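**Student:** I have a structure here, written as structure tokens, and I will follow up with some questions on it.
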Amino acid sequence: MINLPSTIRISFRALRVNKMRSALTMLGIIIGVGAVIAMIAVGAGASKRIAEQISSMGSNLLMLLPGATTSGGVRMGAGTQPTLTMGDAEAILKECPAVSDVAPVLNGVAQIVYGHQNWSTGVVGTTPGMLVVRDWPLASGRPFTQQDVKSATKVCLLGQTVVENLFGDMDPVGHVIRIKKIPFTVVGVLASKGQSPQGQDQDDTIYVPVTTAQKKLFGTTFPGMVRIIMVKGKSADTLSVAERQITQLLKQRHRIGPKQDNDFTVRNLTQFMQTAEQSTKVMALLLGAIASVSLLVGGIGIMNIMLVSVTERTREIGIRMAIGAKTWDIRLQFIIEALILSLIGGFAGIIIGISGSKIITLLAGWSTVVSPFSIVIAFGFSGLVGIFFGFYPAYKASLLDPIEALRYE
Amino acid sequence: MSLIEAHEIIKIYRLGDIEVHALNLVSLSIERGDFVAIMGPSGSGKSTFMNILGCLDKPSDGRYLLEGIDVGGLDRDALAGIRNKKIGFIFQGFNLLPRTSAIENVELPMLYDGMPSKERKEHALRALKSVGLEGRGDHHPNQLSGGQQQRVAIARALVNNAPIILADEPTGNLDSKTSNEIMELLTKLNEESDITVILVTHENDIAAYSRRIIRFLDGNLVSDEEVVKS
């Protein structure tokens with residue numbers, strides 16, 4: 001029996017009478033909804049960045065570093081002792097079932113020349129497995145092969161930054177560059193990967209066969225020595241199994257007794273990044289929770305104003321009751337008023353929240369992601385706030401005694 | 001069956017420890033189409049009796065039958081429904097909604113009856129016309145004179161075709177010329193539309209418009225007499 005369109009019209013009129021008051025009441029909700037959306041956007045932006053970095057690094061990644069040895073009681077840091085070899089890399093791939101690919105790394109910095117351009121960059125000697133381990137596709141050309149590694153051919157893959165600096169817009173595939181004055185044929189170009197989690201330009205690199213690096217570029221005192229071994233596990237779940245298998249295998253190969261320290265270190269990069277991702281998610285949730293407190297305060301503001309409004313309009317309520325308004329006619333009128341306040345406030349809050357996120361991105365340089373989900377949640381929540389905090393004043397209004405209400409001055 | 005039958009109505013208010021007997025065993029019946037004036041000094045119980053007749057209040061004891069229905073057993077919403085369909089109220093202070101046009105004020109009872117908007121508008125316009133306010137529908141109460149405001153209130157009381165109009169000192173805020181106009185309008189409605197009019201007043205010349213005068217004193221009905229029209 002309740003006539004909704006007319007009730008809504010009545011509510012709108014009542015709100016228009018006190019424009020300033022209505023606007024200020026809405027402001028609480030506007031700020032609340034805006035804050036929730038902006039805060040969730042900041043949090044989502046942070047976790048998206050980390051997720052991107054994880055995928056740019058390659059998934060299910062373990063890194064083997066030499067060192068952490070004890071040398072006459074003096075403990076050395078990871079990477080200080082050349083203890084990893086090509087043989088270790090091959091053995092890991094062969095004997096650890098939880099490992100899907102391995103890429104040994106021997107790297108150094110070298111000056112590169114093409115024509116009259118030159119550039120200094122990190123040169124990475126590795127195997128074809130590297131592209132699989134790092135989930136790194138080629139933009140053009142072909143990867144170097146196992147055969148190239150075996151015969152230490154002078155071929156290389158260029159990162160995008162190197163291409164830009166040496167070749168500009170030209171396609172470098174097939175051209176010859178000089179690394180430490182030794183001519184290398186460019187066989188392929190790596191796709192762009194952007195920044196690493198540590199903020200390094202991952203595209204500023206050159207890949208060459210590891211054997212070529214050992215023999216021609218970074219000659220070492222120990223033949224077959226590599227600096228790092230990158231390992232890709234079969235799946236995220238078996239990554240710790242792979243870690244155990246590798247540790248066991250290398251202990252055997254390096255003849256390390258049960259009481260001796262390992263002369264290598266295994267680092268689980270993926271796990272580290274996932275922890276970071278988890279913590280940003282918690283941060284996002286926390287930010288959202290803090291922001292929703294302001295939404296709650298906005299709701300209390302609505303309740304406050306609605307209570308004042310009920311008192312002010314006691315006589316009007318009495319007239320409506322005398323004329324035949326039933327309990328729910330009165331309740332609905334005030335609930336709808338509260339709902340209009342909170343929904344208009346919520347809508348304005350969405351706009352404020354979205355533009356606020358954009359401003360944060362612009363001013364602070366943080367990436368923000370406004371998810372449709374957060375908009376729906378914030379808007380729905382503001383509606384709930386309106387109904388929840390509108391109900392008590394509406395309930396109070398509906399319980400007024402019509403005779404008393406009519407006499408109210 | 002009479003339109004209104006009140007049997008031994010008692011109304012007791014409690015003010016702290018004191019019991020106030022506002023009505024003492026009041027019995028009365030009013031026939032359809034009657035025009036009754038209720039008189040008495042303030043505190044005599046006439047307003048309390050009006051509130052009970054208007055289903056705004058319930059008797060503490062006794063029975064009140066409206067069109068044969070015992071109102072005493074009804075809940076808040078059922079009483080609101082009866083007020084909506086059976087009773088039109090006219091107040092001393094007009095009691096129109098402020099900042100609301102005349103036509104929307106007249107539409108209110110139909111709104112709570114769940115009538116669609118278009119029909120409401122038609123009925124409201126007809127009701128305004130019948131009280132002589134054609135073309136004033138868009139005026140707000142503060143743009144209308146006291147007499148015009150009371151006419152809007154009468155239109156509002158009429159619009160749901162209620163058989164009873166309860167007028168609580170309808171001319172109390174009006175000058176004598178306007179008072180007479182309003183009373184003539186009520187008389188006309190009583191005579192032409194067979195609406196039962198029950199009116200509370202202090203003034204003898206207003207009561208003289210009625211056909212029957214009931215007097216209250218200290219919560220008792222003390223006299224009930226026909227008006228002899230000269």
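Each chain in the structure tokens gets a letter, A, B and so on, in the order shown; residues start at 1 in every chain, and ligands are counted from 1 in the order they appear.
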With chain A as the partner and 9 Å as the cut-off, tabulate the residues of chain B that qualify, each row holding the nearest pair of atoms and their distance in Å to one decimal, using only C-alpha atoms, sorted by chain and rising number, as CSV.

**Tutor:**
```
residue,atom,partner,partner_atom,distance
B:Asn51,CA,A:Ile403,CA,7.7
B:Gly54,CA,A:Ala322,CA,8.6
B:Cys55,CA,A:Ala322,CA,8.8
B:Leu56,CA,A:Ile403,CA,6.5
B:Asp57,CA,A:Ile403,CA,7.6
B:Arg76,CA,A:Lys326,CA,7.6
B:Asp77,CA,A:Lys326,CA,5.2
B:Ala78,CA,A:Lys326,CA,8.3
B:Leu79,CA,A:Gly324,CA,8.1
B:Ala80,CA,A:Gly324,CA,4.5
B:Gly81,CA,A:Gly324,CA,5.7
B:Ile82,CA,A:Gly324,CA,7.5
B:Arg83,CA,A:Gly324,CA,5.4
B:Asn84,CA,A:Gly324,CA,4.2
B:Lys85,CA,A:Gly324,CA,7.9
B:Ile87,CA,A:Ile323,CA,8.3
B:Gly88,CA,A:Ile323,CA,7.5
B:Phe89,CA,A:Ile323,CA,7.5
B:Asn95,CA,A:Ile319,CA,6.5
B:Leu96,CA,A:Ile319,CA,7.6
B:Leu97,CA,A:Glu316,CA,6.2
B:Pro98,CA,A:Glu316,CA,8.3
B:Arg99,CA,A:Val17,CA,8.2
B:Thr100,CA,A:Arg13,CA,8.7
B:Leu108,CA,A:Ile323,CA,7.4
B:Pro109,CA,A:Ile323,CA,5.6
B:Leu111,CA,A:Asn3,CA,6.6
B:Tyr112,CA,A:Ala325,CA,5.6
B:Asp113,CA,A:Met1,CA,6.8
B:Gly114,CA,A:Met1,CA,5.0
B:Met115,CA,A:Asn3,CA,8.0
B:Pro116,CA,A:Asn3,CA,8.0
B:Ser117,CA,A:Ser6,CA,8.0
B:Arg156,CA,A:Ile323,CA,8.8
B:Ala157,CA,A:Ile323,CA,8.3
```

**Student:** Residues within 6 Å of stretch 211-227 of chain B, please, as a compact mmCIF listing (two decimals) with C-alpha atoms, in the first residue's frame. Count only C-alpha atoms; anything in the same chain fewer than 5 positions from it doesn't count.

**Tutor:**
```txt
# COMPACT_ATOMS: atom_id res chain seq x y z
CA ALA B 22 -11.03 12.99 31.57
CA LEU B 23 -14.23 11.17 30.63
CA ASN B 24 -16.74 9.57 32.99
CA PHE B 35 -24.53 18.05 12.42
CA VAL B 36 -23.39 18.05 16.04
CA ALA B 37 -21.63 20.73 18.05
CA ILE B 38 -19.72 19.73 21.18
CA MET B 39 -19.30 22.53 23.69
CA GLY B 40 -17.83 22.96 27.09
CA SER B 44 -14.31 19.52 30.31
CA GLY B 45 -13.22 16.47 28.31
```

**Student:** Taking 6 positions as the minimum chain separation for residues in the same chain, which residues sit within 7 Å of stretch 150-153 of chain B when counting only C-alpha atoms? Answer as a list of chain:residue names.

**Tutor:**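 Everything that qualifies: B:Ile90, B:Phe94, B:Leu96, B:Ala102, B:Val106, B:Leu128, B:Val131.
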
**Student:** With N, CA and C atoms retained, write the just-selected residues as a PDB file, in the first residue's frame.

**Tutor:**
```
ATOM      1  N   ILE B  90     -10.481  18.521  10.578  1.00  0.00           N
ATOM      2  CA  ILE B  90     -10.228  19.939  10.361  1.00  0.00           C
ATOM      3  C   ILE B  90      -9.795  20.505  11.709  1.00  0.00           C
ATOM      4  N   PHE B  94      -5.282  24.728  11.179  1.00  0.00           N
ATOM      5  CA  PHE B  94      -5.289  24.257   9.784  1.00  0.00           C
ATOM      6  C   PHE B  94      -4.473  22.975   9.599  1.00  0.00           C
ATOM      7  N   LEU B  96      -1.832  22.239   7.754  1.00  0.00           N
ATOM      8  CA  LEU B  96      -1.392  21.821   6.417  1.00  0.00           C
ATOM      9  C   LEU B  96       0.114  21.603   6.482  1.00  0.00           C
ATOM     10  N   ALA B 102      -0.984  23.305  -2.201  1.00  0.00           N
ATOM     11  CA  ALA B 102      -2.340  22.979  -1.759  1.00  0.00           C
ATOM     12  C   ALA B 102      -2.764  21.628  -2.318  1.00  0.00           C
ATOM     13  N   VAL B 106      -3.838  18.173  -0.384  1.00  0.00           N
ATOM     14  CA  VAL B 106      -5.126  17.497  -0.558  1.00  0.00           C
ATOM     15  C   VAL B 106      -4.906  16.041  -0.997  1.00  0.00           C
ATOM     16  N   LEU B 128     -10.710  20.585  -4.435  1.00  0.00           N
ATOM     17  CA  LEU B 128     -10.373  22.005  -4.297  1.00  0.00           C
ATOM     18  C   LEU B 128     -11.454  22.867  -4.941  1.00  0.00           C
ATOM     19  N   VAL B 131     -14.503  23.353  -2.739  1.00  0.00           N
ATOM     20  CA  VAL B 131     -14.395  24.308  -1.630  1.00  0.00           C
ATOM     21  C   VAL B 131     -14.093  25.711  -2.149  1.00  0.00           C
TER      22      VAL B 131
END
```

**Student:** Using DSSP on the backbone coordinates, identify all residues within chain B classified as strand (DSSP E); present the result as a PDB file with C-alpha atoms, in the first residue's frame.

**Tutor:**
```
ATOM      1  CA  ILE B   4     -21.321   6.441  15.920  1.00  0.00           C
ATOM      2  CA  GLU B   5     -22.175   4.629  19.114  1.00  0.00           C
ATOM      3  CA  ALA B   6     -20.281   5.349  22.336  1.00  0.00           C
ATOM      4  CA  HIS B   7     -21.113   3.200  25.378  1.00  0.00           C
ATOM      5  CA  GLU B   8     -20.027   4.286  28.829  1.00  0.00           C
ATOM      6  CA  ILE B   9     -16.670   5.620  27.713  1.00  0.00           C
ATOM      7  CA  ILE B  10     -14.108   6.224  30.403  1.00  0.00           C
ATOM      8  CA  LYS B  11     -10.766   7.880  29.803  1.00  0.00           C
ATOM      9  CA  ILE B  12      -8.244   8.067  32.587  1.00  0.00           C
ATOM     10  CA  TYR B  13      -4.879   9.822  32.278  1.00  0.00           C
ATOM     11  CA  ARG B  14      -2.140   9.177  34.720  1.00  0.00           C
ATOM     12  CA  LEU B  15      -0.017  12.207  35.569  1.00  0.00           C
ATOM     13  CA  ILE B  18      -2.578  11.388  40.110  1.00  0.00           C
ATOM     14  CA  GLU B  19      -5.326   9.850  38.020  1.00  0.00           C
ATOM     15  CA  VAL B  20      -7.253  12.319  35.930  1.00  0.00           C
ATOM     16  CA  HIS B  21     -10.692  11.179  34.871  1.00  0.00           C
ATOM     17  CA  ALA B  22     -11.029  12.986  31.573  1.00  0.00           C
ATOM     18  CA  LEU B  23     -14.232  11.170  30.633  1.00  0.00           C
ATOM     19  CA  ASN B  24     -16.743   9.571  32.986  1.00  0.00           C
ATOM     20  CA  LEU B  25     -19.100   7.020  31.493  1.00  0.00           C
ATOM     21  CA  VAL B  26     -19.997   9.014  28.422  1.00  0.00           C
ATOM     22  CA  SER B  27     -22.632   7.383  26.221  1.00  0.00           C
ATOM     23  CA  LEU B  28     -23.771   8.899  22.987  1.00  0.00           C
ATOM     24  CA  SER B  29     -24.922   7.970  19.540  1.00  0.00           C
ATOM     25  CA  ILE B  30     -24.799  10.047  16.383  1.00  0.00           C
ATOM     26  CA  PHE B  35     -24.534  18.047  12.425  1.00  0.00           C
ATOM     27  CA  VAL B  36     -23.393  18.054  16.037  1.00  0.00           C
ATOM     28  CA  ALA B  37     -21.629  20.728  18.052  1.00  0.00           C
ATOM     29  CA  ILE B  38     -19.718  19.725  21.176  1.00  0.00           C
ATOM     30  CA  MET B  39     -19.302  22.528  23.687  1.00  0.00           C
ATOM     31  CA  ASP B  61     -12.935   1.524  29.210  1.00  0.00           C
ATOM     32  CA  GLY B  62     -16.257   1.364  27.423  1.00  0.00           C
ATOM     33  CA  ARG B  63     -17.028   0.646  23.817  1.00  0.00           C
ATOM     34  CA  TYR B  64     -16.874   2.851  20.763  1.00  0.00           C
ATOM     35  CA  LEU B  65     -18.518   1.498  17.620  1.00  0.00           C
ATOM     36  CA  LEU B  66     -17.888   3.260  14.331  1.00  0.00           C
ATOM     37  CA  ILE B  69     -16.928  -1.787  14.221  1.00  0.00           C
ATOM     38  CA  ASP B  70     -15.503  -1.898  17.749  1.00  0.00           C
ATOM     39  CA  ILE B  87     -12.759  10.515   9.062  1.00  0.00           C
ATOM     40  CA  GLY B  88     -11.744  13.906   7.743  1.00  0.00           C
ATOM     41  CA  PHE B  89     -10.046  16.178  10.261  1.00  0.00           C
ATOM     42  CA  ILE B  90     -10.228  19.939  10.361  1.00  0.00           C
ATOM     43  CA  ILE B 164     -17.489  11.972   8.982  1.00  0.00           C
ATOM     44  CA  ILE B 165     -15.832  15.352   9.323  1.00  0.00           C
ATOM     45  CA  LEU B 166     -14.378  16.125  12.734  1.00  0.00           C
ATOM     46  CA  ALA B 167     -13.742  19.825  13.149  1.00  0.00           C
ATOM     47  CA  ASP B 168     -11.825  20.935  16.240  1.00  0.00           C
ATOM     48  CA  THR B 196     -21.834  13.896   9.253  1.00  0.00           C
ATOM     49  CA  VAL B 197     -20.174  16.929  10.800  1.00  0.00           C
ATOM     50  CA  ILE B 198     -19.041  16.922  14.411  1.00  0.00           C
ATOM     51  CA  LEU B 199     -17.566  20.164  15.590  1.00  0.00           C
ATOM     52  CA  VAL B 200     -16.005  21.369  18.812  1.00  0.00           C
ATOM     53  CA  ARG B 212     -27.672  19.296  17.947  1.00  0.00           C
ATOM     54  CA  ILE B 213     -25.533  20.640  20.791  1.00  0.00           C
ATOM     55  CA  ILE B 214     -23.797  18.425  23.332  1.00  0.00           C
ATOM     56  CA  ARG B 215     -22.268  19.982  26.415  1.00  0.00           C
ATOM     57  CA  PHE B 216     -19.454  18.566  28.536  1.00  0.00           C
ATOM     58  CA  LEU B 217     -18.463  19.529  32.059  1.00  0.00           C
ATOM     59  CA  ASN B 220     -19.441  14.296  32.058  1.00  0.00           C
ATOM     60  CA  LEU B 221     -21.924  14.739  29.275  1.00  0.00           C
ATOM     61  CA  VAL B 222     -24.310  17.222  30.863  1.00  0.00           C
ATOM     62  CA  SER B 223     -26.727  18.142  28.124  1.00  0.00           C
ATOM     63  CA  ASP B 224     -27.759  16.996  24.687  1.00  0.00           C
ATOM     64  CA  GLU B 225     -30.336  19.106  22.917  1.00  0.00           C
ATOM     65  CA  GLU B 226     -31.704  19.805  19.474  1.00  0.00           C
TER      66      GLU B 226
END
```

**Student:** From a backbone DSSP assignment, name each residue in chain B labelled helix (DSSP H, G or I), as a VMD selection string.

**Tutor:** chain B and resid 46 to 53 71 to 73 76 to 86 102 to 113 117 to 130 141 to 143 146 to 158 176 to 193 204 to 207

**Student:** For stretch 159-188 of chain A against stretch 138-144 of chain A, with a cut-off of 10 Å and counting only C-alpha atoms, what is the closest atom pair and its distance in Å to one decimal for every residue that makes the cut, ordered by chain and number, as a tab-separated table?

**Tutor:**
```
residue	atom	partner	partner_atom	distance
A:Gly159	CA	A:Leu138	CA	9.4
A:Gln160	CA	A:Ala139	CA	8.9
A:Asp171	CA	A:Ser140	CA	8.7
A:Pro172	CA	A:Gly141	CA	9.2
A:Val173	CA	A:Gly141	CA	6.1
A:Gly174	CA	A:Gly141	CA	8.5
A:Val186	CA	A:Gly141	CA	8.5
A:Val187	CA	A:Gly141	CA	5.6
A:Gly188	CA	A:Gly141	CA	3.9
```

**Student:** Could the residues in this selection be written to a file with N, CA and C atoms, as a PDB file, in the first residue's frame?

**Tutor:**
```
ATOM      1  N   GLY A 159      69.323  -7.119 -25.003  1.00  0.00           N
ATOM      2  CA  GLY A 159      68.165  -6.544 -24.299  1.00  0.00           C
ATOM      3  C   GLY A 159      67.719  -5.263 -24.999  1.00  0.00           C
ATOM      4  N   GLN A 160      66.494  -4.851 -24.766  1.00  0.00           N
ATOM      5  CA  GLN A 160      65.929  -3.695 -25.478  1.00  0.00           C
ATOM      6  C   GLN A 160      66.719  -2.415 -25.254  1.00  0.00           C
ATOM      7  N   ASP A 171      66.841  -2.872 -36.844  1.00  0.00           N
ATOM      8  CA  ASP A 171      66.781  -4.245 -36.351  1.00  0.00           C
ATOM      9  C   ASP A 171      68.191  -4.804 -36.293  1.00  0.00           C
ATOM     10  N   PRO A 172      68.657  -5.166 -35.099  1.00  0.00           N
ATOM     11  CA  PRO A 172      70.065  -5.559 -34.960  1.00  0.00           C
ATOM     12  C   PRO A 172      70.346  -7.006 -35.374  1.00  0.00           C
ATOM     13  N   VAL A 173      69.288  -7.798 -35.601  1.00  0.00           N
ATOM     14  CA  VAL A 173      69.532  -9.217 -35.875  1.00  0.00           C
ATOM     15  C   VAL A 173      70.380  -9.384 -37.137  1.00  0.00           C
ATOM     16  N   GLY A 174      71.465 -10.179 -37.021  1.00  0.00           N
ATOM     17  CA  GLY A 174      72.343 -10.420 -38.154  1.00  0.00           C
ATOM     18  C   GLY A 174      73.563  -9.509 -38.178  1.00  0.00           C
ATOM     19  N   VAL A 186      74.740 -10.812 -33.575  1.00  0.00           N
ATOM     20  CA  VAL A 186      73.451 -10.717 -32.864  1.00  0.00           C
ATOM     21  C   VAL A 186      72.493 -11.684 -33.523  1.00  0.00           C
ATOM     22  N   VAL A 187      72.012 -12.671 -32.766  1.00  0.00           N
ATOM     23  CA  VAL A 187      71.064 -13.626 -33.354  1.00  0.00           C
ATOM     24  C   VAL A 187      69.629 -13.343 -32.921  1.00  0.00           C
ATOM     25  N   GLY A 188      69.447 -12.615 -31.820  1.00  0.00           N
ATOM     26  CA  GLY A 188      68.073 -12.355 -31.378  1.00  0.00           C
ATOM     27  C   GLY A 188      67.987 -11.162 -30.453  1.00  0.00           C
TER      28      GLY A 188
END
```

**Student:** Rounded to one decimal, what separation in Å do you get between atom CA of B:Gly16 and atom CA of B:Leu53?

**Tutor:**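 Separation between atom CA of B:Gly16 and atom CA of B:Leu53: 26.0 Å.
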
**Student:** Can you pull out the residues contacting A:Ser56? Cut-off 10 Å, using only C-alpha atoms, and skip same-chain residues under 2 positions away; I want them as a VMD selection string.

**Tutor:** chain A and resid 50 to 54 58 to 59 134 to 136 192 to 197 202
